[in-house]
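Q: Could you have a look at this structure, given as structure tokens, before my questions?
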Amino acid sequence: MSEPAVALEGATIRLGGRAILEDVSLGVARGEFVAVLGPNGAGKSTLVKAILGLLPLAAGKAKVLGRPPGEANARIGYLPQRRNFDSATRIRGIDLVRLGLDGSRWGIPIPGLPGTKEKARRVAEVLELVGASRYATKPIGELSGGEQQRLLIAQALVRRPQLLLLDEPLDSLDLASQAAVAALVRRICEQEHVAVLLVAHDVNPILGFIDQVVYVAGGSAVGGRPRDVITSETLTRLFGVPIEVLHASDGRLVVVGQPEAPFHHGDRHA
Amino acid sequence: MLDAAVFQGLSWNLLDDFRQLFTYPFMVNALEAGTIVAVMAGVTGWFMVLRRQAFAGHTLSVIAFPGAAAAGWAGVPLALGYFGFCGAGALVLAAIAGTRRSLGAESAAIGSLQALALALGFVFVSLSHSILTGLDSLLFGTFLGITRSQVLVLLVVAVATVAVTAFAARPLFFASVDSDVARASGVPVRLLGLGFLLVLGLSVAETSQITGALLVFALLVTPAATAHRLTPRPWLGLTLAVALALAVTWAGLALAYFSIYPVGFYVTSLSFGVYVLVRIVTR
Ligand SMILES: Nc1ncnc2c1ncn2[C@@H]1O[C@H](COP(=O)(O)OP(=O)(O)OP(=O)(O)O)[C@@H](O)[C@H]1O
Ligand SMILES: [Mg+2]
């Protein structure tokens, strides 16, 4: 159990002949809550997929829950980026959550078999945990983006994973819900000793909850305690352009001068 | 073909009429074949609608037509033509989907395949100098002259594919509604996609033999779409799709028996009627 949840050493990931991430080293301890930040196209989702073993490493070493990537996925809860269901989707949230529990099992589930009740109880429990019980039996396409997101978090949680990979779970939430979900993830992280890697765009709604922040930009990544990483010096070095971090009086951090898509701008206007 | 003595017509004594349906072996064969096909079409149709592959299903049904026509021309059993062409068609569709171009390019490729299939069908029909009624039943279905051995083939194929689909039901459902997470959980998403297209091809091949190539939708799509409208629960939905397909098939066969119109016409009208009704009620 003392093995880290995620350990990357000098990892390089290539897509379409281009190195998206190069020489990235990263460690996530058990029960640690890590935020992954960075501009669009920086490679955050790529990093998550590599941890899942969905993308191969071109170089470097990786261990996930003590195994090579892809081999421990049964113990990982995954929430991919930007999934929403249009109103024509006639599936209930509760069935989607249930899929997280036994969706990869072959054979016909026979009602009344031992374990069936247990599974239904677990699904109800996790729906309660994320506060989605009220609308879990409605067709998911008829729910709001935030309600869908809560159900998807429940799906990722339902198997009691040891590692949660959440790719922009706060995406379609209002500020209050963002804080609520971040608090929820923090609670799960502590109660069930789950390591969490959460990709986000804005650090502020989650700043009070996280242990470590990983900034991804310009093909590499820098990780550490938030107050150490989110500084003018570190970010300036990472992005390669002057960046200023301001501390607002309410404790929020304001990152100024962060280019949205560094590669494309740089090439064209150089 | 139709012996006047065979038909006693509708007496309006419903019990008698009902009994009359089971008097003739050809009608018993037709009812059994219809039942087998309806169960299979209900199950695969439900997944097809869920996966939004109705266009692929329709294309396979168009491919069924040259399959049957070619078999007629070559003098081999029609079932061989149906299963052979639909199976090969499923593989071609899988290859087209596998190239992963834009959705528009994919639709265009599938559409061209449809046109080619129709043209081929007419070529085979004219090559074999079939009389027009032959063409008619290929396109719009027939329930006459279904033999015991045909029923047996339908049964074997249906049992095999329904069993495989049931065994793969949960991963297939997972892959259909949430492919990214399914893949990460170790579900072989691409393999299931290919497997399902093959199952769909076999279902279309079976269904064509009752409804005719052009009216496969009546059994494959409409009952399933109605079931999806009625409930988002997966198992209940599957059951409803099968029940609806059975109901329209039985009613369609009975109506066709007492009239001069092809069975495909009744099955289509009935299932479409139910669909419209459900749409209005569930507004
Ligand atoms: N299959 C692929 N082939 C080639 N390049 C790819 C592929 N998938 C992604 N990329 C590129 O990899 C880079 C990183 O993509 P990624 O999705 O990881 O970014 P991200 O940090 O998650 O961005 P966002 O904030 O928009 O989600 C992008 O420049 C993208 O164009
Ligand atoms: Mg992303």
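Order determines the names: the first chain of the structure tokens is A, the second B, and so forth; residues in each chain are numbered 1 upward, and ligands are numbered 1 upward as they are shown.
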Select all residues from chain B having any atom no more than 10 Å from an atom of chain A (counting only C-alpha atoms, ignoring ligands), output as a PDB file with N, CA and C atoms, in the first residue's frame.
A:
ATOM      1  N   LEU B  50     -30.148   2.167 -30.030  1.00  0.00           N
ATOM      2  CA  LEU B  50     -29.314   2.722 -28.962  1.00  0.00           C
ATOM      3  C   LEU B  50     -27.994   3.240 -29.529  1.00  0.00           C
ATOM      4  N   ALA B 163     -28.212 -15.474 -28.283  1.00  0.00           N
ATOM      5  CA  ALA B 163     -27.408 -15.935 -27.154  1.00  0.00           C
ATOM      6  C   ALA B 163     -26.121 -15.124 -27.038  1.00  0.00           C
ATOM      7  N   VAL B 164     -25.457 -14.893 -28.183  1.00  0.00           N
ATOM      8  CA  VAL B 164     -24.222 -14.110 -28.158  1.00  0.00           C
ATOM      9  C   VAL B 164     -24.511 -12.674 -27.678  1.00  0.00           C
ATOM     10  N   THR B 165     -25.596 -12.092 -28.200  1.00  0.00           N
ATOM     11  CA  THR B 165     -25.942 -10.730 -27.812  1.00  0.00           C
ATOM     12  C   THR B 165     -26.256 -10.651 -26.320  1.00  0.00           C
ATOM     13  N   ALA B 166     -26.975 -11.635 -25.813  1.00  0.00           N
ATOM     14  CA  ALA B 166     -27.322 -11.627 -24.395  1.00  0.00           C
ATOM     15  C   ALA B 166     -26.061 -11.764 -23.548  1.00  0.00           C
ATOM     16  N   PHE B 167     -25.158 -12.630 -23.975  1.00  0.00           N
ATOM     17  CA  PHE B 167     -23.913 -12.828 -23.237  1.00  0.00           C
ATOM     18  C   PHE B 167     -23.102 -11.531 -23.195  1.00  0.00           C
ATOM     19  N   ALA B 168     -23.123 -10.786 -24.311  1.00  0.00           N
ATOM     20  CA  ALA B 168     -22.333  -9.556 -24.391  1.00  0.00           C
ATOM     21  C   ALA B 168     -23.159  -8.327 -24.017  1.00  0.00           C
ATOM     22  N   ALA B 169     -24.374  -8.537 -23.516  1.00  0.00           N
ATOM     23  CA  ALA B 169     -25.302  -7.413 -23.370  1.00  0.00           C
ATOM     24  C   ALA B 169     -24.729  -6.244 -22.562  1.00  0.00           C
ATOM     25  N   ARG B 170     -24.161  -6.541 -21.395  1.00  0.00           N
ATOM     26  CA  ARG B 170     -23.694  -5.430 -20.562  1.00  0.00           C
ATOM     27  C   ARG B 170     -22.508  -4.689 -21.164  1.00  0.00           C
ATOM     28  N   PRO B 171     -21.436  -5.393 -21.565  1.00  0.00           N
ATOM     29  CA  PRO B 171     -20.342  -4.653 -22.221  1.00  0.00           C
ATOM     30  C   PRO B 171     -20.792  -3.921 -23.484  1.00  0.00           C
ATOM     31  N   LEU B 172     -21.710  -4.532 -24.233  1.00  0.00           N
ATOM     32  CA  LEU B 172     -22.198  -3.882 -25.452  1.00  0.00           C
ATOM     33  C   LEU B 172     -22.983  -2.614 -25.103  1.00  0.00           C
ATOM     34  N   PHE B 173     -23.805  -2.694 -24.074  1.00  0.00           N
ATOM     35  CA  PHE B 173     -24.544  -1.526 -23.604  1.00  0.00           C
ATOM     36  C   PHE B 173     -23.560  -0.439 -23.148  1.00  0.00           C
ATOM     37  N   PHE B 174     -22.566  -0.841 -22.390  1.00  0.00           N
ATOM     38  CA  PHE B 174     -21.534   0.066 -21.885  1.00  0.00           C
ATOM     39  C   PHE B 174     -20.823   0.742 -23.070  1.00  0.00           C
ATOM     40  N   ALA B 175     -20.347  -0.065 -24.010  1.00  0.00           N
ATOM     41  CA  ALA B 175     -19.618   0.470 -25.163  1.00  0.00           C
ATOM     42  C   ALA B 175     -20.506   1.383 -25.996  1.00  0.00           C
ATOM     43  N   VAL B 177     -23.141   3.329 -24.943  1.00  0.00           N
ATOM     44  CA  VAL B 177     -23.537   4.604 -24.364  1.00  0.00           C
ATOM     45  C   VAL B 177     -22.356   5.401 -23.832  1.00  0.00           C
ATOM     46  N   ASP B 178     -21.224   4.765 -23.594  1.00  0.00           N
ATOM     47  CA  ASP B 178     -20.145   5.441 -22.875  1.00  0.00           C
ATOM     48  C   ASP B 178     -18.813   4.815 -23.272  1.00  0.00           C
ATOM     49  N   ASP B 180     -15.745   5.739 -24.078  1.00  0.00           N
ATOM     50  CA  ASP B 180     -14.439   6.092 -23.499  1.00  0.00           C
ATOM     51  C   ASP B 180     -14.198   5.368 -22.175  1.00  0.00           C
ATOM     52  N   VAL B 181     -15.201   5.438 -21.298  1.00  0.00           N
ATOM     53  CA  VAL B 181     -15.043   4.796 -19.994  1.00  0.00           C
ATOM     54  C   VAL B 181     -15.033   3.283 -20.155  1.00  0.00           C
ATOM     55  N   ALA B 182     -15.850   2.785 -21.084  1.00  0.00           N
ATOM     56  CA  ALA B 182     -15.876   1.339 -21.320  1.00  0.00           C
ATOM     57  C   ALA B 182     -14.493   0.859 -21.740  1.00  0.00           C
ATOM     58  N   ARG B 183     -13.856   1.590 -22.656  1.00  0.00           N
ATOM     59  CA  ARG B 183     -12.527   1.193 -23.125  1.00  0.00           C
ATOM     60  C   ARG B 183     -11.538   1.189 -21.968  1.00  0.00           C
ATOM     61  N   ALA B 184     -11.622   2.233 -21.138  1.00  0.00           N
ATOM     62  CA  ALA B 184     -10.700   2.308 -20.007  1.00  0.00           C
ATOM     63  C   ALA B 184     -10.954   1.178 -19.009  1.00  0.00           C
ATOM     64  N   SER B 185     -12.194   0.680 -18.940  1.00  0.00           N
ATOM     65  CA  SER B 185     -12.479  -0.426 -18.015  1.00  0.00           C
ATOM     66  C   SER B 185     -12.192  -1.780 -18.637  1.00  0.00           C
ATOM     67  N   GLY B 186     -11.562  -1.782 -19.804  1.00  0.00           N
ATOM     68  CA  GLY B 186     -11.154  -3.050 -20.385  1.00  0.00           C
ATOM     69  C   GLY B 186     -12.172  -3.686 -21.305  1.00  0.00           C
ATOM     70  N   VAL B 187     -13.231  -2.966 -21.673  1.00  0.00           N
ATOM     71  CA  VAL B 187     -14.201  -3.514 -22.622  1.00  0.00           C
ATOM     72  C   VAL B 187     -13.622  -3.410 -24.034  1.00  0.00           C
ATOM     73  N   PRO B 188     -13.605  -4.506 -24.807  1.00  0.00           N
ATOM     74  CA  PRO B 188     -13.072  -4.443 -26.171  1.00  0.00           C
ATOM     75  C   PRO B 188     -14.057  -3.731 -27.103  1.00  0.00           C
ATOM     76  N   HIS B 228     -37.730   2.360 -26.968  1.00  0.00           N
ATOM     77  CA  HIS B 228     -36.859   3.394 -26.396  1.00  0.00           C
ATOM     78  C   HIS B 228     -37.675   4.595 -25.945  1.00  0.00           C
ATOM     79  N   ARG B 229     -38.721   4.893 -26.701  1.00  0.00           N
ATOM     80  CA  ARG B 229     -39.585   6.012 -26.337  1.00  0.00           C
ATOM     81  C   ARG B 229     -40.354   5.721 -25.063  1.00  0.00           C
ATOM     82  N   LEU B 230     -40.747   4.459 -24.915  1.00  0.00           N
ATOM     83  CA  LEU B 230     -41.594   4.096 -23.788  1.00  0.00           C
ATOM     84  C   LEU B 230     -40.824   4.025 -22.473  1.00  0.00           C
ATOM     85  N   THR B 231     -39.578   3.550 -22.526  1.00  0.00           N
ATOM     86  CA  THR B 231     -38.838   3.412 -21.273  1.00  0.00           C
ATOM     87  C   THR B 231     -37.335   3.550 -21.485  1.00  0.00           C
ATOM     88  N   PRO B 232     -36.645   4.209 -20.526  1.00  0.00           N
ATOM     89  CA  PRO B 232     -35.182   4.238 -20.596  1.00  0.00           C
ATOM     90  C   PRO B 232     -34.547   3.042 -19.881  1.00  0.00           C
ATOM     91  N   ARG B 233     -35.372   2.167 -19.277  1.00  0.00           N
ATOM     92  CA  ARG B 233     -34.793   1.004 -18.585  1.00  0.00           C
ATOM     93  C   ARG B 233     -34.343  -0.025 -19.608  1.00  0.00           C
ATOM     94  N   PRO B 234     -33.064  -0.470 -19.539  1.00  0.00           N
ATOM     95  CA  PRO B 234     -32.554  -1.354 -20.594  1.00  0.00           C
ATOM     96  C   PRO B 234     -33.288  -2.692 -20.717  1.00  0.00           C
TER      97      PRO B 234
END
Q: Could you name the residues that touch range 219-223 of chain A at 6 Å or less, counting only C-alpha atoms, but leaving out those on the same chain fewer than 6 positions away, as an MDAnalysis selection string?
A: chainID A and resid 20:22 24 213
Q: Keeping only C-alpha atoms, write the selected residues as a compact mmCIF listing (two decimals), in the first residue's frame.
A:
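Output (part.txt):
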# COMPACT_ATOMS: atom_id res chain seq x y z
CA ILE A 20 3.08 16.31 -26.76
CA LEU A 21 4.78 15.79 -23.42
CA GLU A 22 8.51 15.36 -22.94
CA VAL A 24 7.65 14.49 -17.47
CA VAL A 213 -0.63 21.12 -8.26
Q: Which residue, B:Thr161, B:Val37, B:Thr142, B:Gly72, has the smallest gap to Ile260 in chain B when you use only C-alpha atoms?
A: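 Using only C-alpha atoms, the shortest distance to Ile260 in chain B belongs to B:Thr142.
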Q: For CA of Ala241 in chain B and CA of Pro223 in chain B, determine how far apart the two atoms are, in Å to one decimal place.
A: 5.2 Å
Q: Show me a table, sorted first by chain and then by increasing residue number, of the residues of chain A having an atom at most 9 Å from ligand 1, each with its shortest atom pair and the distance in Å to one decimal, counting only C-alpha atoms and all ligand atoms and written as a tab-separated table.
A:
residue	atom	partner	partner_atom_place_in_ligand_line	distance
A:Arg14	CA	ligand 1	4 (C)	7.9
A:Leu15	CA	ligand 1	4 (C)	4.3
A:Gly16	CA	ligand 1	4 (C)	4.2
A:Gly17	CA	ligand 1	4 (C)	7.5
A:Arg18	CA	ligand 1	5 (N)	7.2
A:Ala19	CA	ligand 1	12 (O)	8.5
A:Ile20	CA	ligand 1	12 (O)	5.5
A:Leu21	CA	ligand 1	14 (C)	8.3
A:Leu37	CA	ligand 1	21 (O)	8.1
A:Gly38	CA	ligand 1	21 (O)	6.4
A:Pro39	CA	ligand 1	25 (O)	5.7
A:Asn40	CA	ligand 1	25 (O)	3.5
A:Gly41	CA	ligand 1	19 (O)	3.5
A:Ala42	CA	ligand 1	21 (O)	3.9
A:Gly43	CA	ligand 1	18 (O)	3.1
A:Lys44	CA	ligand 1	21 (O)	3.7
A:Ser45	CA	ligand 1	22 (O)	3.7
A:Thr46	CA	ligand 1	18 (O)	3.6
A:Leu47	CA	ligand 1	18 (O)	6.5
A:Val48	CA	ligand 1	18 (O)	8.0
A:Lys49	CA	ligand 1	18 (O)	8.3
A:Gln81	CA	ligand 1	27 (O)	7.0
A:Arg82	CA	ligand 1	27 (O)	8.5
A:Asp167	CA	ligand 1	22 (O)	7.9
A:Glu168	CA	ligand 1	27 (O)	7.7
A:Val199	CA	ligand 1	22 (O)	8.2
A:Ala200	CA	ligand 1	25 (O)	8.1
A:His201	CA	ligand 1	25 (O)	7.1
A:Val216	CA	ligand 1	21 (O)	7.5
A:Ala217	CA	ligand 1	21 (O)	8.2
A:Gly219	CA	ligand 1	14 (C)	8.9
A:Ala261	CA	ligand 1	29 (O)	8.8
A:Phe263	CA	ligand 1	29 (O)	8.4
Q: For Gly111 in chain B, list every protein, DNA or RNA residue within 12 Å, evaluated using only C-alpha atoms, and leave out those in the same chain fewer than 5 positions away; present the list as a CSV table (one decimal) with all heavy atoms, in the first residue's frame.
A:
chain,number,residue,atom,x,y,z
B,55,PHE,N,-28.9,3.7,-40.0
B,55,PHE,CA,-28.5,3.9,-41.4
B,55,PHE,C,-27.7,2.7,-41.8
B,55,PHE,O,-28.0,2.2,-42.9
B,55,PHE,CB,-27.7,5.2,-41.5
B,55,PHE,CG,-27.4,5.6,-42.9
B,55,PHE,CD1,-28.5,5.6,-43.9
B,55,PHE,CD2,-26.2,6.0,-43.4
B,55,PHE,CE1,-28.3,5.9,-45.2
B,55,PHE,CE2,-26.0,6.3,-44.7
B,55,PHE,CZ,-27.0,6.3,-45.6
B,56,ALA,N,-26.9,2.2,-41.0
B,56,ALA,CA,-26.1,0.9,-41.3
B,56,ALA,C,-27.1,-0.2,-41.4
B,56,ALA,O,-27.0,-1.0,-42.4
B,56,ALA,CB,-25.1,0.6,-40.2
B,57,GLY,N,-28.1,-0.3,-40.6
B,57,GLY,CA,-29.1,-1.4,-40.6
B,57,GLY,C,-29.9,-1.3,-41.9
B,57,GLY,O,-30.1,-2.3,-42.6
B,58,HIS,N,-30.2,-0.1,-42.3
B,58,HIS,CA,-31.0,0.1,-43.6
B,58,HIS,C,-30.1,-0.3,-44.8
B,58,HIS,O,-30.6,-1.0,-45.7
B,58,HIS,CB,-31.4,1.6,-43.7
B,58,HIS,CG,-32.1,1.8,-45.0
B,58,HIS,ND1,-33.3,1.2,-45.3
B,58,HIS,CD2,-31.9,2.6,-46.1
B,58,HIS,CE1,-33.7,1.6,-46.5
B,58,HIS,NE2,-32.9,2.4,-47.0
B,59,THR,N,-28.8,0.0,-44.7
B,59,THR,CA,-27.9,-0.3,-45.8
B,59,THR,C,-27.8,-1.9,-45.9
B,59,THR,O,-27.9,-2.4,-47.0
B,59,THR,CB,-26.5,0.2,-45.6
B,59,THR,OG1,-26.7,1.6,-45.3
B,59,THR,CG2,-25.6,0.0,-46.7
B,60,LEU,N,-27.7,-2.5,-44.8
B,60,LEU,CA,-27.7,-4.0,-44.8
B,60,LEU,C,-28.9,-4.6,-45.4
B,60,LEU,O,-28.9,-5.6,-46.2
B,60,LEU,CB,-27.5,-4.5,-43.4
B,60,LEU,CG,-26.1,-4.3,-42.8
B,60,LEU,CD1,-26.0,-4.6,-41.4
B,60,LEU,CD2,-25.1,-5.2,-43.6
B,62,VAL,N,-30.7,-3.2,-47.7
B,62,VAL,CA,-30.7,-3.0,-49.2
B,62,VAL,C,-29.7,-4.0,-49.8
B,62,VAL,O,-29.9,-4.5,-50.9
B,62,VAL,CB,-30.2,-1.5,-49.5
B,62,VAL,CG1,-30.0,-1.4,-51.0
B,62,VAL,CG2,-31.2,-0.5,-49.0
B,63,ILE,N,-28.7,-4.4,-49.0
B,63,ILE,CA,-27.7,-5.4,-49.5
B,63,ILE,C,-28.3,-6.8,-49.5
B,63,ILE,O,-28.0,-7.6,-50.3
B,63,ILE,CB,-26.4,-5.4,-48.6
B,63,ILE,CG1,-25.7,-4.1,-48.8
B,63,ILE,CG2,-25.5,-6.5,-48.9
B,63,ILE,CD1,-24.5,-3.9,-47.8
B,93,LEU,N,-19.1,-2.5,-43.9
B,93,LEU,CA,-19.5,-1.3,-43.1
B,93,LEU,C,-18.5,-1.1,-41.9
B,93,LEU,O,-18.2,0.0,-41.6
B,93,LEU,CB,-20.9,-1.6,-42.5
B,93,LEU,CG,-22.1,-1.4,-43.5
B,93,LEU,CD1,-23.4,-1.7,-42.7
B,93,LEU,CD2,-22.1,-0.1,-44.1
B,96,ILE,N,-15.5,0.5,-43.3
B,96,ILE,CA,-15.8,2.0,-43.6
B,96,ILE,C,-15.7,2.7,-42.3
B,96,ILE,O,-15.1,3.8,-42.2
B,96,ILE,CB,-17.1,2.2,-44.3
B,96,ILE,CG1,-17.1,1.6,-45.7
B,96,ILE,CG2,-17.5,3.6,-44.3
B,96,ILE,CD1,-18.4,1.7,-46.4
B,104,GLY,N,-19.6,12.7,-42.2
B,104,GLY,CA,-20.2,13.0,-43.5
B,104,GLY,C,-19.6,12.1,-44.6
B,104,GLY,O,-20.4,11.5,-45.4
B,105,ALA,N,-18.3,11.9,-44.6
B,105,ALA,CA,-17.7,11.1,-45.5
B,105,ALA,C,-18.1,9.6,-45.4
B,105,ALA,O,-18.3,8.9,-46.3
B,105,ALA,CB,-16.1,11.2,-45.4
B,106,GLU,N,-18.3,9.2,-44.1
B,106,GLU,CA,-18.8,7.9,-43.8
B,106,GLU,C,-20.2,7.7,-44.4
B,106,GLU,O,-20.5,6.7,-45.0
B,106,GLU,CB,-18.8,7.7,-42.3
B,106,GLU,CG,-19.0,6.2,-41.9
B,106,GLU,CD,-18.9,6.0,-40.4
B,106,GLU,OE1,-18.0,6.6,-39.8
B,106,GLU,OE2,-19.7,5.2,-39.9
B,116,LEU,N,-25.1,1.0,-55.1
B,116,LEU,CA,-24.5,-0.2,-55.8
B,116,LEU,C,-25.3,-1.5,-55.5
B,116,LEU,O,-25.5,-2.2,-56.4
B,116,LEU,CB,-23.1,-0.3,-55.3
B,116,LEU,CG,-22.3,-1.5,-55.8
B,116,LEU,CD1,-22.0,-1.3,-57.3
B,116,LEU,CD2,-21.0,-1.8,-55.0
B,117,ALA,N,-25.7,-1.7,-54.3
B,117,ALA,CA,-26.4,-2.9,-53.9
B,117,ALA,C,-27.8,-3.0,-54.7
B,117,ALA,O,-28.1,-4.0,-55.2
B,117,ALA,CB,-26.7,-2.9,-52.4
B,118,LEU,N,-28.5,-1.8,-54.7
B,118,LEU,CA,-29.8,-1.8,-55.4
B,118,LEU,C,-29.6,-2.2,-56.9
B,118,LEU,O,-30.3,-3.0,-57.5
B,118,LEU,CB,-30.4,-0.5,-55.3
B,118,LEU,CG,-31.5,-0.3,-54.3
B,118,LEU,CD1,-32.1,1.1,-54.3
B,118,LEU,CD2,-32.6,-1.4,-54.4
Q: Nearest to Leu236 in chain B among B:Trp46, B:Thr23, B:Met40, B:Ser128, with distances taken over only C-alpha atoms: which residue is it?
A: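 Looking at the shortest contact to Leu236 in chain B, the residue is B:Trp46.
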Q: How many Å separate CA of Gly81 in chain B from CA of Met48 in chain B?
A: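 Straight-line distance from CA of Gly81 in chain B to CA of Met48 in chain B works out to 22.7 Å.
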Q: Among the residues of range 92-231 of chain B, find those DSSP assigns to helix (DSSP H, G or I) from the backbone and print them as number ranges by chain.
A: B: 92-98, 103-127, 132-140, 148-167, 169-177, 179-184, 189-211, 213-220, 222-230
Q: Residues as selected, C-alpha atoms, written as a short mmCIF file (atom, residue, chain, number, x, y, z; two decimals), in the first residue's frame, can you do that?
A:
data_model
loop_
_atom_site.label_atom_id
_atom_site.label_comp_id
_atom_site.auth_asym_id
_atom_site.auth_seq_id
_atom_site.Cartn_x
_atom_site.Cartn_y
_atom_site.Cartn_z
CA VAL B 92 -17.58 -3.69 -45.39
CA LEU B 93 -19.50 -1.35 -43.08
CA ALA B 94 -17.08 -2.13 -40.26
CA ALA B 95 -14.16 -1.35 -42.57
CA ILE B 96 -15.76 1.96 -43.57
CA ALA B 97 -16.35 2.88 -39.92
CA GLY B 98 -12.80 1.79 -39.09
CA LEU B 103 -19.18 11.40 -40.25
CA GLY B 104 -20.22 13.02 -43.52
CA ALA B 105 -17.65 11.06 -45.55
CA GLU B 106 -18.78 7.89 -43.81
CA SER B 107 -22.44 8.52 -44.67
CA ALA B 108 -21.49 9.23 -48.27
CA ALA B 109 -19.53 5.98 -48.53
CA ILE B 110 -22.39 4.00 -46.99
CA GLY B 111 -24.87 5.72 -49.29
CA SER B 112 -22.86 4.78 -52.39
CA LEU B 113 -22.78 1.20 -51.15
CA GLN B 114 -26.59 1.26 -50.99
CA ALA B 115 -26.93 2.48 -54.55
CA LEU B 116 -24.51 -0.17 -55.76
CA ALA B 117 -26.44 -2.88 -53.90
CA LEU B 118 -29.76 -1.85 -55.44
CA ALA B 119 -28.28 -1.79 -58.94
CA LEU B 120 -26.69 -5.21 -58.41
CA GLY B 121 -30.01 -6.58 -57.21
CA PHE B 122 -31.79 -5.55 -60.37
CA VAL B 123 -28.99 -6.96 -62.49
CA PHE B 124 -29.36 -10.37 -60.83
CA VAL B 125 -33.14 -10.25 -61.07
CA SER B 126 -33.05 -9.54 -64.81
CA LEU B 127 -30.30 -12.14 -65.34
CA LEU B 132 -42.43 -9.95 -61.36
CA THR B 133 -43.99 -11.71 -58.36
CA GLY B 134 -40.55 -13.01 -57.48
CA LEU B 135 -39.20 -9.49 -57.37
CA ASP B 136 -42.23 -8.43 -55.40
CA SER B 137 -41.68 -10.92 -52.62
CA LEU B 138 -37.94 -10.18 -52.47
CA LEU B 139 -38.74 -6.54 -51.87
CA PHE B 140 -41.97 -6.68 -49.91
CA ARG B 148 -39.53 -26.71 -42.34
CA SER B 149 -35.85 -26.61 -43.15
CA GLN B 150 -36.00 -22.84 -43.65
CA VAL B 151 -37.64 -22.47 -40.26
CA LEU B 152 -34.89 -24.60 -38.78
CA VAL B 153 -32.14 -22.44 -40.31
CA LEU B 154 -33.86 -19.30 -39.04
CA LEU B 155 -34.10 -20.84 -35.57
CA VAL B 156 -30.45 -21.90 -35.39
CA VAL B 157 -29.15 -18.51 -36.54
CA ALA B 158 -31.54 -16.63 -34.24
CA VAL B 159 -30.72 -18.70 -31.16
CA ALA B 160 -27.00 -18.31 -31.80
CA THR B 161 -27.07 -14.55 -32.31
CA VAL B 162 -29.52 -13.81 -29.49
CA ALA B 163 -27.41 -15.93 -27.15
CA VAL B 164 -24.22 -14.11 -28.16
CA THR B 165 -25.94 -10.73 -27.81
CA ALA B 166 -27.32 -11.63 -24.39
CA PHE B 167 -23.91 -12.83 -23.24
CA ALA B 169 -25.30 -7.41 -23.37
CA ARG B 170 -23.69 -5.43 -20.56
CA PRO B 171 -20.34 -4.65 -22.22
CA LEU B 172 -22.20 -3.88 -25.45
CA PHE B 173 -24.54 -1.53 -23.60
CA PHE B 174 -21.53 0.07 -21.88
CA ALA B 175 -19.62 0.47 -25.16
CA SER B 176 -22.71 1.88 -26.87
CA VAL B 177 -23.54 4.60 -24.36
CA SER B 179 -17.34 4.15 -25.08
CA ASP B 180 -14.44 6.09 -23.50
CA VAL B 181 -15.04 4.80 -19.99
CA ALA B 182 -15.88 1.34 -21.32
CA ARG B 183 -12.53 1.19 -23.12
CA ALA B 184 -10.70 2.31 -20.01
CA VAL B 189 -15.05 -1.60 -27.75
CA ARG B 190 -13.89 -2.05 -31.35
CA LEU B 191 -14.35 -5.80 -31.33
CA LEU B 192 -17.87 -5.38 -29.96
CA GLY B 193 -18.59 -2.83 -32.70
CA LEU B 194 -17.54 -5.31 -35.38
CA GLY B 195 -19.36 -8.18 -33.67
CA PHE B 196 -22.54 -6.15 -33.41
CA LEU B 197 -22.46 -5.24 -37.11
CA LEU B 198 -22.21 -8.95 -37.91
CA VAL B 199 -25.15 -9.72 -35.61
CA LEU B 200 -27.03 -6.89 -37.28
CA GLY B 201 -26.23 -8.35 -40.69
CA LEU B 202 -27.59 -11.75 -39.66
CA SER B 203 -30.72 -10.15 -38.20
CA VAL B 204 -31.35 -8.20 -41.37
CA ALA B 205 -30.84 -11.36 -43.41
CA GLU B 206 -33.44 -13.16 -41.30
CA THR B 207 -35.90 -10.29 -41.19
CA SER B 208 -35.72 -9.76 -44.97
CA GLN B 209 -37.02 -13.27 -45.46
CA ILE B 210 -40.32 -12.31 -43.82
CA THR B 211 -40.80 -8.61 -44.50
CA ALA B 213 -35.66 -6.36 -48.13
CA LEU B 214 -37.28 -2.94 -48.28
CA LEU B 215 -39.46 -3.28 -45.18
CA VAL B 216 -36.89 -4.61 -42.72
CA PHE B 217 -37.27 -1.35 -40.84
CA ALA B 218 -40.78 -2.32 -39.83
CA LEU B 219 -39.43 -5.03 -37.54
CA LEU B 220 -35.90 -3.89 -36.82
CA THR B 222 -39.84 0.77 -35.44
CA PRO B 223 -40.58 -1.58 -32.49
CA ALA B 224 -37.16 -0.76 -31.01
CA ALA B 225 -37.63 2.99 -31.43
CA THR B 226 -41.06 2.67 -29.82
CA ALA B 227 -39.57 0.76 -26.89
CA HIS B 228 -36.86 3.39 -26.40
CA ARG B 229 -39.59 6.01 -26.34
CA LEU B 230 -41.59 4.10 -23.79
#
Q: Measuring atom to atom with only C-alpha atoms, identify which of A:Thr116, A:Ser144, A:Thr231, A:Gln212 is nearest to Ser87 in chain A.
A: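 Comparing A:Thr116, A:Ser144, A:Thr231, A:Gln212 against Ser87 in chain A, the winner is A:Ser144.
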Q: Between CA of Gly67 in chain B and CA of Gly252 in chain B, what is the distance in Å, rounded to a tenth?
A: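 Separating CA of Gly67 in chain B from CA of Gly252 in chain B is a distance of 24.7 Å.
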Q: Running DSSP on the backbone, which parts of range 26-90 of chain A land in strand (DSSP E), as a list in words?
A: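 Here are the strand (DSSP E) residues of range 26-90 of chain A: Leu26, Gly27, Val28, Phe33, Val34, Ala35, Val36, Leu37, Ala59, Gly60, Lys61, Ala62, Lys63, Val64, Ile76, Gly77, Tyr78 and Leu79 of chain A.
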